[in-house]
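A quick write-up on the structure given underneath.
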Amino acid sequence: MGTVYLAEHVLINKQVAVKVLSPTHARKPDEVERFLREARAASRIRHENVVDITDFGYTAGGLAFLVMEYLDGEDLATTSQRDGKLPWRRALHITRQMCAALAAAHAKGIIHRDVKPANVFRVRRGDDPDFIKV
């Protein structure tokens, strides 16, 4: 649906990820509205396991974009392909965090309609190599 770029906020020297809606989708007003509606909804969720959305709008060329925290890690699909079946304690640790993120969204009336390993990101936080961001 879009492309994600690594960018830097020039005023505060902070890395961010910028997702820009593809030109194909940008020509469809209903898809643009859905993209921006999802950005607004996600930005209302304040939870450590939910990716933080900090800004959204339109490029100079008219493409919708959203700015989110940069995550240095890998998606769960990559982890699963490389590691195969995860030990149950590790899988439970990951699943609990995913559920916490989804519960936070549900508490705000938001339903994630695309939960899949590619949309679950693993980052290192402290001693935890499996800290999850949805």
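By convention in this document, the chains of the structure tokens carry letters A, B, ... by their order, each chain's residues are numbered from 1, and ligands are numbered from 1 in the order they are shown.
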
Shell of 9 Å around Ala7 in chain A, only C-alpha atoms, local chain residues under 4 positions omitted, as number ranges by chain: A: 14-18, 70

DSSP alpha helix (DSSP H) residues within chain A, listed as a ChimeraX atom specification: /A:23-26,29-44,76-83,88-107

Go ahead and save the picked residues with C-alpha atoms, as a PDB file, in the first residue's frame.
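selection-v1.pdb was written with the following content:
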ATOM      1  CA  PRO A  23       0.683   6.771  -6.114  1.00  0.00           C
ATOM      2  CA  THR A  24      -1.694   3.975  -7.196  1.00  0.00           C
ATOM      3  CA  HIS A  25      -3.553   4.123  -3.874  1.00  0.00           C
ATOM      4  CA  ALA A  26      -3.225   7.913  -3.660  1.00  0.00           C
ATOM      5  CA  PRO A  29      -9.947   9.066  -2.335  1.00  0.00           C
ATOM      6  CA  ASP A  30     -11.463   6.278  -0.221  1.00  0.00           C
ATOM      7  CA  GLU A  31      -8.038   4.641   0.245  1.00  0.00           C
ATOM      8  CA  VAL A  32      -6.399   7.967   1.110  1.00  0.00           C
ATOM      9  CA  GLU A  33      -9.103   8.628   3.696  1.00  0.00           C
ATOM     10  CA  ARG A  34      -8.684   5.118   5.153  1.00  0.00           C
ATOM     11  CA  PHE A  35      -4.893   5.596   5.369  1.00  0.00           C
ATOM     12  CA  LEU A  36      -5.270   8.921   7.201  1.00  0.00           C
ATOM     13  CA  ARG A  37      -8.095   7.573   9.406  1.00  0.00           C
ATOM     14  CA  GLU A  38      -5.823   4.696  10.461  1.00  0.00           C
ATOM     15  CA  ALA A  39      -2.997   7.171  11.192  1.00  0.00           C
ATOM     16  CA  ARG A  40      -5.316   9.311  13.347  1.00  0.00           C
ATOM     17  CA  ALA A  41      -6.608   6.262  15.195  1.00  0.00           C
ATOM     18  CA  ALA A  42      -3.164   4.765  15.797  1.00  0.00           C
ATOM     19  CA  SER A  43      -1.819   8.094  17.055  1.00  0.00           C
ATOM     20  CA  ARG A  44      -4.420   8.026  19.876  1.00  0.00           C
ATOM     21  CA  LEU A  76       8.311 -11.478  13.247  1.00  0.00           C
ATOM     22  CA  ALA A  77       7.963 -12.990   9.754  1.00  0.00           C
ATOM     23  CA  THR A  78      11.731 -12.682   9.260  1.00  0.00           C
ATOM     24  CA  THR A  79      12.392 -14.131  12.714  1.00  0.00           C
ATOM     25  CA  SER A  80      10.075 -17.078  12.035  1.00  0.00           C
ATOM     26  CA  GLN A  81      11.622 -17.811   8.646  1.00  0.00           C
ATOM     27  CA  ARG A  82      15.107 -17.784  10.112  1.00  0.00           C
ATOM     28  CA  ASP A  83      14.462 -19.495  13.479  1.00  0.00           C
ATOM     29  CA  TRP A  88       6.957 -21.979  23.826  1.00  0.00           C
ATOM     30  CA  ARG A  89       8.240 -19.572  26.508  1.00  0.00           C
ATOM     31  CA  ARG A  90       9.564 -17.214  23.842  1.00  0.00           C
ATOM     32  CA  ALA A  91       6.358 -17.519  21.817  1.00  0.00           C
ATOM     33  CA  LEU A  92       4.297 -16.824  24.963  1.00  0.00           C
ATOM     34  CA  HIS A  93       6.401 -13.743  25.777  1.00  0.00           C
ATOM     35  CA  ILE A  94       5.874 -12.386  22.260  1.00  0.00           C
ATOM     36  CA  THR A  95       2.170 -13.260  22.180  1.00  0.00           C
ATOM     37  CA  ARG A  96       1.460 -11.561  25.510  1.00  0.00           C
ATOM     38  CA  GLN A  97       2.952  -8.330  24.205  1.00  0.00           C
ATOM     39  CA  MET A  98       0.954  -8.566  20.977  1.00  0.00           C
ATOM     40  CA  CYS A  99      -2.210  -9.098  23.017  1.00  0.00           C
ATOM     41  CA  ALA A 100      -1.374  -6.118  25.240  1.00  0.00           C
ATOM     42  CA  ALA A 101      -0.961  -3.915  22.170  1.00  0.00           C
ATOM     43  CA  LEU A 102      -4.238  -5.118  20.662  1.00  0.00           C
ATOM     44  CA  ALA A 103      -6.039  -4.673  23.997  1.00  0.00           C
ATOM     45  CA  ALA A 104      -4.789  -1.065  24.141  1.00  0.00           C
ATOM     46  CA  ALA A 105      -6.152  -0.497  20.635  1.00  0.00           C
ATOM     47  CA  HIS A 106      -9.483  -2.135  21.503  1.00  0.00           C
ATOM     48  CA  ALA A 107      -9.769   0.075  24.600  1.00  0.00           C
TER      49      ALA A 107
END

For the contact check between range 27-52 of chain A and range 127-132 of chain A, emit one row per residue of range 27-52 of chain A within 12 Å, containing the shortest atom pair and the distance in Å rounded to one decimal, counting only C-alpha atoms, chain then rising number order, as a tab-separated table.
residue	atom	partner	partner_atom	distance
A:His47	CA	A:Ile132	CA	11.1
A:Glu48	CA	A:Ile132	CA	8.6
A:Asn49	CA	A:Ile132	CA	5.7
A:Val50	CA	A:Ile132	CA	8.1
A:Val51	CA	A:Ile132	CA	9.3

Go ahead and write the residues just picked, N, CA, C and O atoms, as an mmCIF file, in the first residue's frame.
data_model
loop_
_atom_site.group_PDB
_atom_site.id
_atom_site.type_symbol
_atom_site.label_atom_id
_atom_site.label_comp_id
_atom_site.auth_asym_id
_atom_site.auth_seq_id
_atom_site.Cartn_x
_atom_site.Cartn_y
_atom_site.Cartn_z
ATOM 1 N N HIS A 47 0.718 3.180 24.172
ATOM 2 C CA HIS A 47 1.100 1.914 24.787
ATOM 3 C C HIS A 47 2.496 1.555 24.326
ATOM 4 O O HIS A 47 2.838 1.753 23.153
ATOM 5 N N GLU A 48 3.288 0.989 25.223
ATOM 6 C CA GLU A 48 4.679 0.693 24.890
ATOM 7 C C GLU A 48 4.833 -0.330 23.772
ATOM 8 O O GLU A 48 5.867 -0.363 23.102
ATOM 9 N N ASN A 49 3.822 -1.164 23.532
ATOM 10 C CA ASN A 49 3.914 -2.185 22.480
ATOM 11 C C ASN A 49 3.241 -1.759 21.178
ATOM 12 O O ASN A 49 3.098 -2.568 20.268
ATOM 13 N N VAL A 50 2.844 -0.498 21.085
ATOM 14 C CA VAL A 50 2.217 0.017 19.868
ATOM 15 C C VAL A 50 3.154 1.051 19.245
ATOM 16 O O VAL A 50 3.664 1.939 19.935
ATOM 17 N N VAL A 51 3.388 0.926 17.950
ATOM 18 C CA VAL A 51 4.237 1.884 17.239
ATOM 19 C C VAL A 51 3.633 3.278 17.383
ATOM 20 O O VAL A 51 2.442 3.478 17.145
#

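Considering only range 78-128 of chain A, backbone DSSP assigns strand (DSSP E) to Phe121, Arg122, Val123, Arg124, Arg125 and Asp128 of chain A.
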
File dump, residues just selected, N, CA, C and O atoms, as a tab-separated table (two decimals), in the first residue's frame:
chain	number	residue	atom	x	y	z
A	121	PHE	N	6.80	-6.24	15.09
A	121	PHE	CA	8.22	-5.93	15.00
A	121	PHE	C	8.92	-6.22	16.31
A	121	PHE	O	8.43	-5.86	17.38
A	122	ARG	N	10.07	-6.89	16.21
A	122	ARG	CA	10.90	-7.19	17.37
A	122	ARG	C	12.03	-6.17	17.46
A	122	ARG	O	12.74	-5.93	16.47
A	123	VAL	N	12.20	-5.59	18.63
A	123	VAL	CA	13.32	-4.69	18.89
A	123	VAL	C	13.96	-5.10	20.21
A	123	VAL	O	13.36	-5.83	21.00
A	124	ARG	N	15.16	-4.67	20.43
A	124	ARG	CA	15.81	-4.91	21.72
A	124	ARG	C	15.47	-3.74	22.63
A	124	ARG	O	15.63	-2.58	22.26
A	125	ARG	N	15.00	-4.07	23.83
A	125	ARG	CA	14.79	-3.04	24.84
A	125	ARG	C	15.41	-3.56	26.13
A	125	ARG	O	14.96	-4.56	26.68
A	128	ASP	N	15.87	-7.36	26.89
A	128	ASP	CA	14.85	-8.13	26.17
A	128	ASP	C	15.06	-8.01	24.65
A	128	ASP	O	14.77	-6.96	24.07

Atom pair CA of Glu8 in chain A / CA of Thr54 in chain A: separation (Å): 13.0 Å

Atomic distance CA of Lys133 in chain A - CA of Gly57 in chain A, expressed in Å with one decimal: 22.8 Å
